[in-house]
Every structure is written in C-alpha cells, then in structure tokens.
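S.K.: Here it is: the structure, laid out below.
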Amino acid sequence: MDRAAAEPVDRSIVIPAESLDTLIGALRDGGYQVWGAQERDGALGLAPLAAAADLPRGRVEAAEAGTVRLTDGPRPAYFDHTLPMQGLKRMVYPARERLYAAGQAMSLEEDPVEAPPIAVLGVRPCDLAALDTLTAVFESGPFVDDRFRQRRAALFLVAVNCMRPAATCFCASMNTGPRAEGGFDLVLDEVMEGDRHVFVVASGSARGRAVLDALAGEEAGQADREAARAGSQACAEAQRRHMPDGVAALLKQSYDDPHWANVAERCLSCANCTLVCPTCFCSTVEDRSSLDGAEAERWRRWDSCFGLDFSYLHGGAVRTETASRYRQWMTHKLSHWHDQFGMSGCVGCGRCIGWCPVGIDITAEAQALAASEQAA
C-alpha cells in the first residue's frame, strides 16, 4: 500500500475506552500481530500486545534535555505518554540483518525478508511523518530497497492523535503533528470529559475501513470531533520548544560559525541521537567468512555519521573533529535533506534531545546559530 496515497477519512465512530480490547481482537482476526508501547526498565519500547492492559495506561514522560523518565500522570488515559524510545524504523529497517551468503560454489543466496503482518497501535503523527521520510529515502529514485518496501507494506498503522506533549516535543513547528492528517489505516482520539472516557475512531484506508466496520460503535457527532480537535490544538499550544523559521537556509550560511566549537565541547560523539532518530538511515556493510573459507556472508548494520571512521577514505577520515561531525549531522538533517528528498529530515519528535547523555538540544543549537547570524 502506498501510504502517500492513503484514502481520506471517510467514517468515524465513537467506542467506549473498554472496547480497546475489541479493536485489538479485530486486528488479530484480520491476521495481524498487534504491537504497541510497553514499559520496560523505566522506558517505553514497541513490543507485542496481549491486551490493552499491557499499554502504559496513566503513565507519562518526564522528559527534558538529557533525561527521559516515566512517571504517573494526572489521569488514567491509555495514550497520555508520547513516544517509545525508537519509532517504526527498527520494524522496517532492522539494526542488523544478513543480506546474503555464498558457499564454495560461489552461488549467492539472498536471505528472504521476514515481513509478518503487524498492526502497530498508538503510532504518533511525527512517527507517521518519519515513516514517509524513510520511504522517500528507500523507495524513491532508481534504486528501491525491496527489503524495506516489503516490511513497510506489511504494517497496519493505528495512529493516535496527541492530547499532551512531552517537554521535548516540537512537532508543531515542523508541521508533522500533533494531529495526523493522513498516512494511517485507523486513527484514534482519546477523549476524556468528566466520567466519559471514549475513543473517536476514524478510517484512513480501505483496509482500515474494513476493521472499523467490524466494530460496534455510534457514529461520531460534531461535538466528539470538535473535542478531539480541541485536544490536539491544546497539545500544539503547550509545546515549549520550536525550530526557528528558515533553518534550512540558516545552516547553509553557518558553515564557519564559531558556535560549532561550542557544541563540540559538549558532544561525546556517542551517536545516541542518530540511533533514536526515526529518520536517520546511514548504514555500513560487513563481510564475514568462515575459518576454513568455505562460506561467506554480507551483513548490513546501522552506522552513524558521528563515528570517526564513517567518513574514512583512503588515507584517513574526512571529518576528524567532533565539531565537523555534529555540523554534518545537523546540516544534513535540517537543510540538505530538503535538496535530496524534498522534505526535512527532522520530524520534531524530540528523541535526540531527551536521549542525549549531555542534554544537547537541537532546537536550542539552531536558535543559537540564528542569534549568531543576526549579530554578525
């Protein structure tokens, strides 16, 4: 399914919160494994769901630069948390996979793609945008990554519009959230008003409509739809971080800005930001052979532009200093990505801010560069 051509929302219903298990059951009946956010070791990760009770109900992130902790929220909502540590990237683009193997006959055998049908419950709008961004990388142009394409086509996406932001979110300034306008099969709005706790469920594709039609619920009224949109609007207005306007052009003008050295004094080049980023796609390949030379394998694994050897050419690395590596990452992400793929490489999820061990904030660095340019 081409998610860029997803059908518009054509029907919405209201179901009680306790019917979330009915939705999970309908997805299973459709042949899908159902995955969602679960709490493990104090963080959220995507994992298979047995029931709605597995979701981190009532939990929220206490996130700031350099710290992400889960704590009890003010209400028993299923989706007041925002993001698992990693988004959909690992599901469509594994961190490590064998591509093919060769034996003594020198015949190559490509490993088959494991792409079971998976329904992901609770996908946030910024992660929908990130999946579209990866699709532009892996499926546009003359060379299509068929392994990515098959895994992506197997996903059934149940989005959830955000009603509260984490302190690290800045999707509103990137125009990727907090409300999803497409790219999903189903989308949920969790509405809590007094003792009333319901989900407004809408379809966004033909197969999403088929699941929706199997649910028992009342047709959503104007008041329900307005309450859902009001919640998303309040979420957008509550975001404290934002990316400055014109950042793509700004970074192209800031190559020699002394602020890069300031960032380098703090940056550990640990690559945490690229590992949790839902759009970073850099990889390397490794060739291995058995001790007797009878078999050989080629593996692909994630890599990062923060590694010293990432830019290695004959004779040495091109980017030997941390300042140049951070500048490369941020400039590619926010500026040159537009030139390559026609969109930003950043979706405003804020993961790189929370999971940076020294608390480097990409929005603060962009604003510092903007201030430096204005002072020059």
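In the structure tokens, each chain is lettered A, B, ... as it comes, each chain's residues begin at 1, and ligands are numbered from 1 in order of appearance.
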Would you pick out the contacts of Ala129 of chain A at 12 Å or less, using only C-alpha atoms, so that residues sharing its chain but fewer than 5 positions from it are not included, and give the list as number ranges by chain?
M.R.: A: 3-4, 87-89, 123-124, 134-136, 159, 171, 174-184, 278-279, 343-349
S.K.: What lies within 9 Å of Asp111 of chain A using only C-alpha atoms, ignoring chain neighbours under 6 positions off, as a ChimeraX atom specification?
M.R.: /A:98-101
S.K.: Using backbone DSSP assignments, extract all strand (DSSP E) residues from segment 163-371 of chain A; output them as a VMD selection string.
M.R.: chain A and resid 186 to 193 196 to 203 218 to 219 283 to 289 296 to 302 312 to 313 316 to 317
S.K.: Restricting the calculation to only C-alpha atoms: of A:Trp299, A:Tyr312, A:Trp329, A:Phe156, which residue gets closest to Arg209 of chain A?
M.R.: A:Phe156
S.K.: Using only C-alpha atoms, which residues sit within 8 Å of Leu369 of chain A once same-chain residues fewer than 3 positions away are excluded, as number ranges by chain?
M.R.: A: 250-251, 254, 257, 259, 365-366, 372-373
S.K.: Restricting the calculation to only C-alpha atoms: of A:Ala47, A:Leu188, A:Arg298, A:Gln86, which residue gets closest to Gln33 of chain A?
M.R.: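 So, comparing all the options, the nearest one is A:Ala47.
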S.K.: Hey, which of A:Leu155, A:Asp309, A:Thr322, A:Glu297 ends up closest to Glu109 of chain A? Count only C-alpha atoms.
M.R.: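 With only C-alpha atoms as the atom set, the closest residue is A:Glu297.
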S.K.: Fewer than 6 positions away in the same chain doesn't count, so skip those; otherwise give me all residues within 12 Å of Gly293 of chain A, counting only C-alpha atoms, as JSON, numbers by chain.
M.R.: {"A": [102, 103, 104, 105, 106]}
S.K.: Keeping only all heavy atoms, write the selected residues to a file as a tab-separated table (two decimals), in the first residue's frame.
M.R.:
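Result file is part.tsv:
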```
chain	number	residue	atom	x	y	z
A	102	ALA	N	27.23	-16.92	0.60
A	102	ALA	CA	27.81	-17.63	-0.55
A	102	ALA	C	28.56	-18.85	-0.05
A	102	ALA	O	29.22	-18.81	1.00
A	102	ALA	CB	28.73	-16.72	-1.34
A	103	GLY	N	28.47	-19.95	-0.79
A	103	GLY	CA	29.19	-21.17	-0.46
A	103	GLY	C	30.36	-21.39	-1.39
A	103	GLY	O	30.75	-20.48	-2.15
A	104	GLN	N	30.92	-22.61	-1.36
A	104	GLN	CA	32.10	-22.91	-2.17
A	104	GLN	C	31.81	-22.83	-3.66
A	104	GLN	O	32.69	-22.57	-4.47
A	104	GLN	CB	32.64	-24.29	-1.81
A	104	GLN	CG	33.32	-24.32	-0.44
A	104	GLN	CD	33.89	-25.68	-0.11
A	104	GLN	OE1	33.24	-26.70	-0.32
A	104	GLN	NE2	35.10	-25.70	0.41
A	105	ALA	N	30.54	-23.05	-4.03
A	105	ALA	CA	30.18	-22.97	-5.44
A	105	ALA	C	30.07	-21.52	-5.92
A	105	ALA	O	29.82	-21.27	-7.10
A	105	ALA	CB	28.86	-23.69	-5.69
A	106	MET	N	30.25	-20.57	-4.99
A	106	MET	CA	30.20	-19.15	-5.30
A	106	MET	C	28.83	-18.69	-5.81
A	106	MET	O	28.71	-17.71	-6.52
A	106	MET	CB	31.28	-18.75	-6.30
A	106	MET	CG	32.70	-18.97	-5.80
A	106	MET	SD	33.01	-18.07	-4.25
A	106	MET	CE	32.91	-16.39	-4.82
```
S.K.: Could you pull the residues within 12 Å of Arg28 of chain A, counting only C-alpha atoms, minus those fewer than 6 positions along the same chain, as a PyMOL selection string?
M.R.: chain A and resi 21-22+34-35+48-51+117-121+156+211
S.K.: Write out as a list in words which residues come within 8 Å of segment 199-203 of chain A when counting only C-alpha atoms, dropping same-chain ones fewer than 4 positions away.
M.R.: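 In the requested form, the answer reads Pro8, Val9, Asp10, Arg11, Ser12, Ile13, Val14, Ile15, Pro16, Ala17, Phe184, Asp185, Leu186, Val187, Leu188, Asp189, Glu190, Val191, Gly208, Arg209, Leu212, Ala220, Asp224, Arg225 and Ala228 of chain A.
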S.K.: May I have the residues within 10 Å of Pro56 of chain A as a compact mmCIF listing (two decimals) with N, CA, C and O atoms, in the first residue's frame, using only C-alpha atoms and disregarding those fewer than 2 positions away in the same chain?
M.R.:
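The resulting file, part09.txt, is shown below:
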```txt
# COMPACT_ATOMS: atom_id res chain seq x y z
N GLY A 36 2.46 -2.48 20.41
CA GLY A 36 2.23 -1.16 20.98
C GLY A 36 3.31 -0.82 21.98
O GLY A 36 4.21 -1.63 22.26
N ALA A 37 3.23 0.37 22.55
CA ALA A 37 4.21 0.82 23.53
C ALA A 37 4.02 0.07 24.85
O ALA A 37 2.89 -0.10 25.32
N GLN A 38 5.13 -0.40 25.42
CA GLN A 38 5.11 -1.04 26.73
C GLN A 38 6.29 -0.53 27.55
O GLN A 38 7.33 -0.17 27.00
N GLU A 39 6.10 -0.53 28.84
CA GLU A 39 7.14 -0.04 29.73
C GLU A 39 8.10 -1.16 30.08
O GLU A 39 7.69 -2.23 30.54
N ARG A 40 9.38 -0.92 29.85
CA ARG A 40 10.43 -1.89 30.17
C ARG A 40 11.62 -1.13 30.75
O ARG A 40 12.15 -0.23 30.10
N LEU A 44 9.93 3.32 27.41
CA LEU A 44 8.91 2.75 26.53
C LEU A 44 9.56 2.16 25.29
O LEU A 44 10.45 2.76 24.68
N ALA A 52 -5.11 -4.64 26.02
CA ALA A 52 -4.96 -3.21 26.29
C ALA A 52 -4.29 -2.96 27.63
O ALA A 52 -3.66 -1.92 27.83
N ALA A 53 -4.42 -3.92 28.54
CA ALA A 53 -3.80 -3.76 29.87
C ALA A 53 -2.28 -3.70 29.79
O ALA A 53 -1.63 -3.25 30.74
N ASP A 54 -1.69 -4.14 28.67
CA ASP A 54 -0.24 -4.07 28.51
C ASP A 54 0.24 -2.65 28.22
O ASP A 54 1.44 -2.37 28.35
N GLY A 58 -2.01 5.62 32.10
CA GLY A 58 -1.79 6.55 33.20
C GLY A 58 -0.35 7.00 33.37
O GLY A 58 -0.06 7.77 34.29
N ARG A 59 0.55 6.55 32.51
CA ARG A 59 1.96 6.92 32.62
C ARG A 59 2.30 8.00 31.60
O ARG A 59 1.77 8.04 30.48
N VAL A 60 3.19 8.90 31.98
CA VAL A 60 3.64 9.98 31.10
C VAL A 60 5.15 10.12 31.23
O VAL A 60 5.76 9.66 32.20
N LEU A 70 9.69 7.83 33.15
CA LEU A 70 8.25 7.63 33.19
C LEU A 70 7.73 7.86 34.60
O LEU A 70 8.36 7.45 35.58
N ASP A 72 3.81 8.69 36.96
CA ASP A 72 2.35 8.63 36.93
C ASP A 72 1.78 9.97 36.48
O ASP A 72 2.19 11.03 36.95
N PRO A 76 -6.16 8.52 34.10
CA PRO A 76 -5.93 7.15 33.63
C PRO A 76 -6.10 6.99 32.12
O PRO A 76 -6.81 6.10 31.64
N ALA A 77 -5.45 7.84 31.35
CA ALA A 77 -5.53 7.75 29.90
C ALA A 77 -4.60 6.66 29.38
O ALA A 77 -3.53 6.40 29.96
N TYR A 78 -4.99 6.02 28.29
CA TYR A 78 -4.15 4.99 27.69
C TYR A 78 -2.98 5.59 26.92
O TYR A 78 -1.92 4.98 26.81
N PHE A 79 -3.17 6.81 26.37
CA PHE A 79 -2.18 7.35 25.45
C PHE A 79 -1.72 8.75 25.82
O PHE A 79 -1.42 9.57 24.94
N ASP A 80 -1.61 9.05 27.11
CA ASP A 80 -1.02 10.33 27.51
C ASP A 80 0.51 10.30 27.42
O ASP A 80 1.15 11.35 27.44
N HIS A 81 1.10 9.11 27.35
CA HIS A 81 2.52 9.05 27.03
C HIS A 81 2.68 9.46 25.56
O HIS A 81 1.68 9.55 24.82
```
S.K.: Find, counting only C-alpha atoms, the residue in A:Gln328, A:Thr274, A:Gln367, A:Thr82 that gets nearest to Cys235 of chain A.
M.R.: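 The shortest atom-to-atom distance to Cys235 of chain A comes from A:Thr82.
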S.K.: Using DSSP on the backbone coordinates, identify the residues of segment 231-309 of chain A assigned to alpha helix (DSSP H); present them as a list in words.
M.R.: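 The alpha helix (DSSP H) residues within segment 231-309 of chain A come out as Gly231, Ser232, Gln233, Ala234, Cys235, Ala236, Glu237, Ala238, Val247, Ala248, Ala249, Leu250, Leu251, Lys252, His259, Trp260, Ala261, Asn262, Val263, Ala264, Glu265, Arg266, Asn272, Cys273, Thr274, Leu275 and Val276 of chain A.
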S.K.: Would you mind reading off the distance between atom CA of Tyr32 of chain A and atom CA of Pro116 of chain A, one decimal, in Å?
M.R.: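 If I compute the distance from atom CA of Tyr32 of chain A to atom CA of Pro116 of chain A, I get 7.9 Å.
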